[in-house]
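> Structure file work25.txt (compact mmCIF, C-alpha atoms) right here:
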# COMPACT_ATOMS: atom_id res chain seq x y z
CA MET W 1 -20.71 -15.37 3.42
CA SER W 2 -21.11 -12.72 6.11
CA ALA W 3 -19.61 -11.96 9.47
CA ALA W 4 -20.26 -9.95 12.60
CA ALA W 5 -18.32 -6.80 13.48
CA PRO W 6 -14.59 -7.51 13.95
CA ARG W 7 -13.20 -8.23 17.38
CA GLY W 8 -11.85 -5.12 19.03
CA TRP W 9 -13.50 -2.86 16.47
CA ARG W 10 -14.21 -0.11 18.98
CA ARG W 11 -10.72 -0.51 20.39
CA SER W 12 -9.30 -0.12 16.90
CA LEU W 13 -10.82 3.36 16.65
CA ALA W 14 -8.84 4.58 19.63
CA THR W 15 -5.72 2.79 18.42
CA ALA W 16 -6.10 4.27 14.97
CA SER W 17 -6.61 7.79 16.33
CA ALA W 18 -3.39 7.52 18.29
CA ALA W 19 -1.60 6.18 15.23
CA VAL W 20 -2.80 9.12 13.14
CA CYS W 21 -1.40 11.54 15.73
CA VAL W 22 1.92 9.72 15.73
CA ALA W 23 2.04 9.79 11.94
CA ALA W 24 1.30 13.52 11.89
CA VAL W 25 4.11 14.18 14.37
CA CYS W 26 6.52 12.10 12.27
CA VAL W 27 5.67 14.07 9.15
CA ALA W 28 6.11 17.41 10.87
CA ALA W 29 9.37 16.42 12.54
CA ALA W 30 10.86 14.98 9.37
CA GLY W 31 9.98 18.10 7.42
CA VAL W 32 12.08 20.40 9.65
CA SER W 33 15.11 19.71 7.47
CA GLY W 34 13.20 18.90 4.29
CA PRO W 35 10.48 20.21 1.99
CA ALA W 36 7.46 18.97 3.94
CA ALA W 37 7.50 21.57 6.71
CA ALA W 38 7.16 24.52 4.37
CA GLN W 39 4.07 23.00 2.78
CA GLY W 40 2.33 22.05 6.02
CA ALA W 41 0.95 18.82 4.52
CA PRO W 42 2.39 15.43 3.61
CA PHE W 43 3.43 14.56 0.09
CA ALA W 44 2.01 11.82 -2.10
CA TYR W 45 4.67 9.94 -4.06
CA VAL W 46 3.50 8.26 -7.28
CA PRO W 47 5.71 5.78 -9.19
CA ASN W 48 5.18 6.00 -12.96
CA GLU W 49 6.28 2.73 -14.50
CA GLY W 50 5.93 4.03 -18.08
CA SER W 51 8.06 7.14 -17.64
CA GLY W 52 10.54 5.84 -15.05
CA THR W 53 9.78 8.63 -12.58
CA VAL W 54 8.12 9.37 -9.26
CA SER W 55 5.71 12.32 -9.24
CA VAL W 56 5.54 14.34 -6.01
CA ILE W 57 2.12 15.76 -5.09
CA ASP W 58 1.59 18.29 -2.30
CA THR W 59 -1.53 16.93 -0.58
CA GLY W 60 -2.38 20.41 0.68
CA SER W 61 -2.77 21.93 -2.77
CA ASP W 62 -3.02 18.71 -4.85
CA GLN W 63 -0.41 20.09 -7.20
CA VAL W 64 2.58 18.23 -8.61
CA VAL W 65 5.62 19.93 -7.09
CA GLY W 66 8.39 17.64 -8.27
CA GLU W 67 9.46 14.74 -10.46
CA ILE W 68 12.18 12.26 -9.49
CA ARG W 69 13.98 10.19 -12.13
CA ILE W 70 14.25 6.63 -10.79
CA GLY W 71 15.03 4.02 -13.42
CA ARG W 72 13.35 1.88 -16.03
CA LYS W 73 10.14 0.76 -14.30
CA PRO W 74 9.43 1.97 -10.76
CA ARG W 75 6.58 0.24 -8.99
CA GLY W 76 6.35 -0.20 -5.21
CA LEU W 77 7.61 2.45 -2.82
CA ALA W 78 7.73 3.33 0.87
CA ALA W 79 9.16 6.21 2.90
CA SER W 80 11.38 5.91 5.94
CA ARG W 81 9.71 6.62 9.28
CA ASP W 82 11.63 9.87 9.71
CA GLY W 83 10.55 11.05 6.27
CA THR W 84 14.08 11.60 4.99
CA ARG W 85 14.29 8.78 2.43
CA LEU W 86 12.11 7.07 -0.13
CA PHE W 87 12.67 3.46 -1.25
CA VAL W 88 11.43 2.60 -4.76
CA SER W 89 11.51 -0.78 -6.50
CA ASP W 90 12.95 -0.65 -10.03
CA GLN W 91 11.48 -3.88 -11.40
CA PRO W 92 13.66 -4.69 -14.46
CA ALA W 93 16.88 -3.84 -12.60
CA SER W 94 15.94 -6.01 -9.57
CA ARG W 95 16.90 -3.22 -7.21
CA LEU W 96 15.56 -0.80 -4.63
CA VAL W 97 16.47 2.81 -5.36
CA VAL W 98 17.15 4.97 -2.29
CA VAL W 99 16.04 8.60 -2.69
CA ASP W 100 17.02 11.50 -0.43
CA LEU W 101 13.78 13.44 0.02
CA ALA W 102 15.43 16.75 0.92
CA SER W 103 17.18 16.92 -2.46
CA ARG W 104 14.77 14.56 -4.23
CA GLN W 105 17.70 12.75 -5.76
CA PRO W 106 18.67 9.05 -5.80
CA VAL W 107 21.57 8.44 -3.44
CA GLY W 108 21.95 4.65 -3.45
CA GLU W 109 20.45 1.28 -4.24
CA VAL W 110 19.88 -2.16 -2.73
CA ALA W 111 20.11 -5.34 -4.84
CA LEU W 112 16.95 -7.44 -4.62
CA GLY W 113 15.45 -10.66 -5.91
CA ALA W 114 14.17 -10.78 -9.48
CA SER W 115 11.22 -8.54 -10.41
CA PRO W 116 10.54 -6.60 -7.17
CA GLU W 117 7.11 -5.00 -6.87
CA GLY W 118 5.31 -3.97 -3.67
CA VAL W 119 7.37 -2.25 -0.95
CA TYR W 120 6.03 -1.82 2.59
CA ALA W 121 7.51 -0.47 5.82
CA ALA W 122 7.28 -2.19 9.20
CA PRO W 123 5.32 -0.28 11.87
CA ASP W 124 8.51 0.49 13.79
CA GLY W 125 10.22 1.65 10.59
CA ARG W 126 13.23 -0.64 10.93
CA LEU W 127 12.51 -3.00 8.06
CA LEU W 128 11.00 -2.92 4.61
CA ALA W 129 9.32 -5.93 3.02
CA VAL W 130 9.68 -6.20 -0.75
CA ALA W 131 7.74 -8.74 -2.82
CA SER W 132 10.04 -10.22 -5.48
CA GLU W 133 7.80 -11.90 -8.02
CA GLU W 134 10.15 -14.00 -10.11
CA ALA W 135 12.24 -14.96 -7.09
CA ASN W 136 9.07 -16.09 -5.25
CA SER W 137 10.38 -14.43 -2.12
CA VAL W 138 9.93 -11.59 0.32
CA VAL W 139 13.12 -9.59 0.80
CA PHE W 140 13.53 -7.74 4.10
CA VAL W 141 15.64 -4.59 3.96
CA ASP W 142 17.35 -2.93 6.92
CA VAL W 143 16.27 0.71 6.56
CA ALA W 144 19.08 2.29 8.62
CA ALA W 145 21.82 0.36 6.79
CA ALA W 146 20.04 0.41 3.39
CA ARG W 147 20.90 -3.23 2.73
CA GLU W 148 19.20 -6.62 2.63
CA ALA W 149 18.72 -8.08 6.11
CA PHE W 150 17.29 -11.45 5.07
CA SER W 151 15.01 -13.08 2.53
CA VAL W 152 12.18 -15.60 2.91
CA LYS W 153 11.25 -17.93 0.06
CA VAL W 154 7.49 -18.43 -0.09
CA ALA W 155 5.55 -21.37 -1.44
CA GLY W 156 3.22 -19.27 -3.60
CA LYS W 157 4.18 -18.06 -7.05
CA ASN W 158 4.58 -14.41 -8.02
CA PRO W 159 4.05 -12.49 -4.77
CA GLU W 160 3.09 -8.91 -5.64
CA HIS W 161 2.41 -7.25 -2.27
CA ALA W 162 4.06 -8.01 1.08
CA VAL W 163 2.33 -6.09 3.88
CA PHE W 164 3.23 -5.96 7.59
CA SER W 165 0.56 -6.59 10.21
CA PRO W 166 0.05 -3.61 12.56
CA ASP W 167 2.10 -5.29 15.31
CA GLY W 168 4.94 -6.06 12.87
CA ARG W 169 4.95 -9.80 13.68
CA TRP W 170 3.66 -11.01 10.32
CA VAL W 171 3.91 -10.20 6.66
CA TYR W 172 1.05 -11.19 4.36
CA ALA W 173 2.14 -11.67 0.74
CA SER W 174 -0.32 -12.06 -2.14
CA ALA W 175 0.75 -14.90 -4.45
CA GLU W 176 -0.92 -13.99 -7.74
CA ASP W 177 -0.45 -17.32 -9.50
CA ASP W 178 -1.38 -19.58 -6.58
CA ASP W 179 -4.50 -17.73 -5.35
CA THR W 180 -3.09 -17.68 -1.83
CA VAL W 181 -1.87 -15.33 0.87
CA GLU W 182 1.53 -16.40 2.16
CA VAL W 183 2.02 -15.64 5.88
CA VAL W 184 5.61 -14.93 6.94
CA ASP W 185 6.75 -14.95 10.57
CA VAL W 186 9.16 -12.00 10.67
CA ALA W 187 11.03 -12.99 13.85
CA ALA W 188 11.43 -16.61 12.73
CA ARG W 189 12.37 -15.53 9.20
CA ALA W 190 10.20 -18.29 7.80
CA GLN W 191 6.83 -18.94 6.23
CA ALA W 192 4.21 -19.80 8.84
CA ALA W 193 1.02 -20.46 6.86
CA ARG W 194 -0.89 -20.22 3.60
CA ILE W 195 -4.45 -18.92 3.22
CA LYS W 196 -6.53 -19.81 0.18
CA VAL W 197 -8.41 -16.90 -1.36
CA GLY W 198 -9.85 -16.06 -4.78
CA GLU W 199 -8.19 -16.01 -8.16
CA ARG W 200 -5.27 -13.62 -8.57
CA PRO W 201 -4.97 -11.89 -5.19
CA ARG W 202 -3.48 -8.40 -5.28
CA GLY W 203 -3.78 -5.67 -2.65
CA ILE W 204 -3.82 -6.37 1.10
CA GLY W 205 -4.79 -4.17 4.04
CA PHE W 206 -5.19 -4.67 7.80
CA LEU W 207 -7.58 -3.10 10.26
CA PRO W 208 -5.67 -0.87 12.71
CA ASP W 209 -6.10 -3.38 15.54
CA GLY W 210 -4.82 -6.19 13.32
CA SER W 211 -7.88 -8.39 13.82
CA ARG W 212 -8.70 -8.66 10.14
CA ALA W 213 -6.97 -8.53 6.78
CA TYR W 214 -8.66 -7.61 3.50
CA VAL W 215 -7.44 -9.10 0.22
CA ALA W 216 -8.63 -8.07 -3.25
CA ALA W 217 -8.87 -11.00 -5.68
CA GLU W 218 -8.68 -9.42 -9.11
CA ASN W 219 -10.06 -12.22 -11.29
CA ASP W 220 -12.68 -13.13 -8.69
CA ASP W 221 -14.12 -9.59 -8.33
CA HIS W 222 -14.36 -10.09 -4.57
CA VAL W 223 -12.58 -9.01 -1.41
CA TYR W 224 -11.71 -11.74 1.07
CA VAL W 225 -11.93 -10.90 4.77
CA ILE W 226 -9.49 -12.91 6.89
CA ASP W 227 -9.52 -13.47 10.65
CA THR W 228 -5.84 -13.00 11.47
CA THR W 229 -6.00 -15.16 14.62
CA THR W 230 -7.54 -18.26 13.06
CA ARG W 231 -6.42 -17.40 9.51
CA ALA W 232 -9.88 -18.37 8.30
CA VAL W 233 -11.78 -16.52 5.58
CA LEU W 234 -14.74 -14.87 7.32
CA ALA W 235 -16.41 -13.23 4.35
CA ARG W 236 -16.25 -12.93 0.59
CA VAL W 237 -17.52 -9.49 -0.37
CA PRO W 238 -18.43 -8.50 -3.95
CA ALA W 239 -16.42 -5.38 -4.74
CA GLY W 240 -16.26 -4.68 -8.47
CA LYS W 241 -14.77 -5.77 -11.75
CA ARG W 242 -11.04 -6.60 -11.52
CA CYS W 243 -10.66 -5.31 -7.97
CA ASN W 244 -7.02 -4.93 -6.99
CA GLY W 245 -5.92 -2.14 -4.61
CA ILE W 246 -6.79 -1.94 -0.91
CA ALA W 247 -6.58 1.02 1.50
CA VAL W 248 -7.91 1.07 5.07
CA HIS W 249 -9.22 4.22 6.75
CA PRO W 250 -7.29 5.11 9.95
CA SER W 251 -10.54 4.85 11.93
CA GLY W 252 -10.94 1.21 10.95
CA GLU W 253 -14.51 1.88 9.79
CA ARG W 254 -13.98 1.77 6.02
CA VAL W 255 -11.97 -0.21 3.51
CA TYR W 256 -11.42 1.19 0.01
CA VAL W 257 -11.14 -1.13 -2.99
CA SER W 258 -10.04 0.00 -6.45
CA ASN W 259 -11.84 -1.70 -9.33
CA GLY W 260 -9.65 -1.67 -12.42
CA GLY W 261 -12.39 -2.90 -14.75
CA ASP W 262 -15.11 -0.57 -13.48
CA GLY W 263 -12.99 2.57 -13.16
CA ASP W 264 -14.08 3.30 -9.62
CA VAL W 265 -13.38 2.77 -5.91
CA ALA W 266 -15.77 0.75 -3.77
CA VAL W 267 -16.24 1.88 -0.17
CA LEU W 268 -16.66 -1.13 2.12
CA ASP W 269 -18.33 -0.75 5.51
CA VAL W 270 -16.36 -2.90 7.97
CA ARG W 271 -19.25 -3.64 10.34
CA SER W 272 -21.64 -4.96 7.70
CA ASN W 273 -19.14 -6.14 5.07
CA THR W 274 -21.15 -4.36 2.39
CA VAL W 275 -20.28 -1.76 -0.25
CA VAL W 276 -21.87 1.54 0.77
CA ALA W 277 -20.59 3.77 -2.03
CA ARG W 278 -18.88 3.69 -5.42
CA VAL W 279 -16.69 6.64 -6.44
CA PRO W 280 -15.73 7.09 -10.13
CA THR W 281 -12.01 7.55 -10.85
CA GLY W 282 -9.89 7.46 -13.98
CA ARG W 283 -9.21 4.40 -16.11
CA ARG W 284 -7.75 1.32 -14.46
CA PRO W 285 -7.47 2.54 -10.87
CA TRP W 286 -4.74 0.62 -9.17
CA ASN W 287 -2.94 1.01 -5.85
CA MET W 288 -3.91 3.73 -3.37
CA ALA W 289 -2.94 5.56 -0.18
CA ILE W 290 -4.84 7.61 2.36
CA THR W 291 -3.63 10.71 4.23
CA PRO W 292 -2.78 10.26 7.93
CA ASP W 293 -5.84 12.27 8.95
CA GLY W 294 -8.04 9.99 6.83
CA ARG W 295 -9.62 12.84 4.90
CA LYS W 296 -8.31 12.18 1.39
CA LEU W 297 -7.66 9.04 -0.64
CA TYR W 298 -5.20 9.13 -3.55
CA VAL W 299 -5.78 6.59 -6.33
CA ALA W 300 -3.31 5.84 -9.13
CA ASN W 301 -5.10 5.55 -12.49
CA GLY W 302 -2.80 3.41 -14.63
CA ARG W 303 -4.48 4.06 -17.98
CA SER W 304 -5.32 7.73 -17.41
CA ASN W 305 -1.86 8.87 -16.30
CA SER W 306 -3.48 10.56 -13.35
CA VAL W 307 -4.22 10.32 -9.64
CA SER W 308 -7.80 10.74 -8.44
CA VAL W 309 -8.25 12.54 -5.12
CA ILE W 310 -11.29 11.36 -3.16
CA ASP W 311 -12.93 13.11 -0.21
CA THR W 312 -13.51 10.25 2.24
CA THR W 313 -16.14 12.18 4.22
CA THR W 314 -18.50 12.68 1.27
CA ASN W 315 -17.24 9.79 -0.90
CA THR W 316 -16.83 12.11 -3.88
CA LYS W 317 -13.95 12.75 -6.25
CA LEU W 318 -12.41 16.15 -5.70
CA ARG W 319 -10.14 16.23 -8.73
CA ASP W 320 -7.74 14.36 -11.00
CA VAL W 321 -4.04 15.22 -10.87
CA ALA W 322 -1.96 14.58 -14.00
CA VAL W 323 1.22 12.57 -13.32
CA GLY W 324 3.62 10.48 -15.41
CA GLU W 325 2.90 7.49 -17.63
CA LEU W 326 1.29 4.38 -16.15
CA PRO W 327 1.16 5.30 -12.45
CA TRP W 328 1.33 2.12 -10.34
CA GLY W 329 0.57 3.27 -6.81
CA VAL W 330 0.86 5.94 -4.13
CA ALA W 331 2.78 6.39 -0.87
CA ILE W 332 2.10 9.31 1.48
CA ARG W 333 4.59 10.84 3.89
In structure tokens, how does this file's structure come out?


Amino acid sequence: MSAAAPRGWRRSLATASAAVCVAAVCVAAAGVSGPAAAQGAPFAYVPNEGSGTVSVIDTGSDQVVGEIRIGRKPRGLAASRDGTRLFVSDQPASRLVVVDLASRQPVGEVALGASPEGVYAAPDGRLLAVASEEANSVVFVDVAAAREAFSVKVAGKNPEHAVFSPDGRWVYASAEDDDTVEVVDVAARAQAARIKVGERPRGIGFLPDGSRAYVAAENDDHVYVIDTTTRAVLARVPAGKRCNGIAVHPSGERVYVSNGGDGDVAVLDVRSNTVVARVPTGRRPWNMAITPDGRKLYVANGRSNSVSVIDTTTNTKLRDVAVGELPWGVAIR
């Protein structure tokens, strides 16, 4: 199945450029009282589920500059908009650990539903969405108060990721065991729709203008392209063996897909819905994040205990950075 260029694609470039500028300002402002300012570049935070830590990588030098002890099995994570706190899901403890980024020390926790995984921040920074697998729910956390605001039970089983749309109105949650994307209306605090995709959906990403969502179906080896207005699947794009993670370039021109079985990242051209490059990584590449300027992609390699750094201009791997055991993902702030 194929599709024409997404609606508002050119508009998304301008929107994305503005968003990148805003993100850069946020990073600089937050770093005035913290470690980021001295380095002049954002940090990449990598949860290591095998070692119970978060590795801190300076994206300017690509060196590990810190290690934060979190708990038994950290997985998803997201930073506050002001860059002062990091929120990390500790899966076996069913909690969200709150980390002060100036001291790089845990300072609190939020009780969550059973088996929390992906953690994502709303565009305005006020809420976090946490996918709680065994509870079959999305838990929304008030960032300022560091407490649960509300929870939405979803129809699909085992949601792993729960990602806000760019306008903050919707959360798309990937239900691994139902092969669906569960759509949550944030204002209504209720599920609004279900979208059927391929077997075992994992990572989700939106174009900057919100017109399309991209969902990696791990056991289907394809990425599903969803029209967010009609909630129809527009295209099914072959990506690679056991595709799972999704990252979208700030320009809206490229979507990156990690292929756990192939040990590489596929670069998807948004206009043609075709793979235009494959970049080798470590073993079992998993979740990813891209720098605000769009120049570097950081890929967690779960079986190599490393993070691959990819130059998005040349689509080449720059280096591998050693981190803790079984890295699950990356957040950049």

> Rounded to one decimal place, report the CA of Asp58 (chain W)-CA of Val98 (chain W) distance in Å.

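Result for CA of Asp58 (chain W) versus CA of Val98 (chain W): 20.5 Å, one decimal.
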
> Which of these residues is nearest to Asn315 (chain W), using only C-alpha atoms: W:Arg72, W:Arg147, W:Arg254, W:Arg284?

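With only C-alpha atoms as the atom set, the closest residue is W:Arg254.
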
> Do a neighbour search on Tyr45 (chain W) at 6 Å with all atoms listed in the file, toss out local chain neighbours closer than 5 positions, and write the hits as an mmCIF file with C-alpha atoms, keeping the file's coordinate frame.


data_model
loop_
_atom_site.group_PDB
_atom_site.id
_atom_site.type_symbol
_atom_site.label_atom_id
_atom_site.label_comp_id
_atom_site.auth_asym_id
_atom_site.auth_seq_id
_atom_site.Cartn_x
_atom_site.Cartn_y
_atom_site.Cartn_z
ATOM 1 C CA SER W 55 5.710 12.320 -9.240
ATOM 2 C CA VAL W 56 5.540 14.340 -6.010
ATOM 3 C CA VAL W 330 0.860 5.940 -4.130
ATOM 4 C CA ALA W 331 2.780 6.390 -0.870
#

> Near region 296-299 of chain W, counting all atoms listed in the file, which residues have an atom at most 9 Å away, once you skip same-chain residues fewer than 5 positions from it, shown as a PyMOL selection string?

chain W and resi 44+59+245+247+249+256+258+265+281-282+285-291+306-313+329-332

> With all atoms listed in the file as the counted atoms, please give the residues lying no more than 8 Å from region 194-202 of chain W, apart from itself and same-chain residues fewer than 5 positions off, as a list of chain:residue names.

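Counting only the stated atoms, we get W:Glu160, W:His161, W:Ser174, W:Ala175, W:Glu176, W:Asp177, W:Asp178, W:Asp179, W:Thr180, W:Val181, W:Glu182, W:Val183, W:Val215, W:Ala216, W:Ala217, W:Glu218, W:Asn219, W:Asp220, W:His222, W:Tyr224, W:Arg231, W:Ala232, W:Val233, W:Asn244, W:Gly245.
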
> Dump C-alpha atoms for the selected residues as an mmCIF file, keeping the file's coordinate frame?


data_model
loop_
_atom_site.group_PDB
_atom_site.id
_atom_site.type_symbol
_atom_site.label_atom_id
_atom_site.label_comp_id
_atom_site.auth_asym_id
_atom_site.auth_seq_id
_atom_site.Cartn_x
_atom_site.Cartn_y
_atom_site.Cartn_z
ATOM 1 C CA GLU W 160 3.090 -8.910 -5.640
ATOM 2 C CA HIS W 161 2.410 -7.250 -2.270
ATOM 3 C CA SER W 174 -0.320 -12.060 -2.140
ATOM 4 C CA ALA W 175 0.750 -14.900 -4.450
ATOM 5 C CA GLU W 176 -0.920 -13.990 -7.740
ATOM 6 C CA ASP W 177 -0.450 -17.320 -9.500
ATOM 7 C CA ASP W 178 -1.380 -19.580 -6.580
ATOM 8 C CA ASP W 179 -4.500 -17.730 -5.350
ATOM 9 C CA THR W 180 -3.090 -17.680 -1.830
ATOM 10 C CA VAL W 181 -1.870 -15.330 0.870
ATOM 11 C CA GLU W 182 1.530 -16.400 2.160
ATOM 12 C CA VAL W 183 2.020 -15.640 5.880
ATOM 13 C CA VAL W 215 -7.440 -9.100 0.220
ATOM 14 C CA ALA W 216 -8.630 -8.070 -3.250
ATOM 15 C CA ALA W 217 -8.870 -11.000 -5.680
ATOM 16 C CA GLU W 218 -8.680 -9.420 -9.110
ATOM 17 C CA ASN W 219 -10.060 -12.220 -11.290
ATOM 18 C CA ASP W 220 -12.680 -13.130 -8.690
ATOM 19 C CA HIS W 222 -14.360 -10.090 -4.570
ATOM 20 C CA TYR W 224 -11.710 -11.740 1.070
ATOM 21 C CA ARG W 231 -6.420 -17.400 9.510
ATOM 22 C CA ALA W 232 -9.880 -18.370 8.300
ATOM 23 C CA VAL W 233 -11.780 -16.520 5.580
ATOM 24 C CA ASN W 244 -7.020 -4.930 -6.990
ATOM 25 C CA GLY W 245 -5.920 -2.140 -4.610
#

> Provide the CA of Gly108 (chain W) to CA of Ala41 (chain W) distance in Å, to one decimal place.

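Spanning CA of Gly108 (chain W) to CA of Ala41 (chain W) is a straight-line distance of 26.6 Å.
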
> Using only C-alpha atoms, list the residues that have an atom at most 7 Å from (21.0, -4.8, -1.1), coordinates as in the file, as a list of chain:residue names.

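Protein, DNA and RNA residues close to (21.0, -4.8, -1.1): W:Glu109, W:Val110, W:Ala111, W:Leu112, W:Ala146, W:Arg147, W:Glu148.
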
> What does the distance from CA of Val88 (chain W) to CA of Ile246 (chain W) come to in Å, to one decimal?

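Between CA of Val88 (chain W) and CA of Ile246 (chain W) the gap works out to 19.2 Å.
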
> Using all atoms of region 140-159 of chain W that appear in the file, construct an axis-aligned enclosing box with 6 Å of padding on every side and provide its centre coordinates and edge lengths in Å, rounded to one decimal, as JSON.


{"center_x": 12.5, "center_y": -9.5, "center_z": 0.3, "size_x": 30.6, "size_y": 35.7, "size_z": 28.6}

> Closest to Pro238 (chain W) among W:Gly261, W:Ala121, W:Pro208, W:Asn273, using only C-alpha atoms?

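Among the listed residues, W:Asn273 lies closest to Pro238 (chain W).
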
> Select, from W:Val107, W:Val64, W:Val184, W:Ala78, the residue with the minimum atom-to-atom distance to Val141 (chain W), counting all atoms listed in the file.

W:Ala78

> Go through W:Pro292, W:Gly52, W:Gly240, W:Gly66 one by one, measure the shortest atom-to-atom distance of each to Asp221 (chain W) using only C-alpha atoms, and give the residue with the smallest value.

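Of all the options, W:Gly240 lies closest to Asp221 (chain W).
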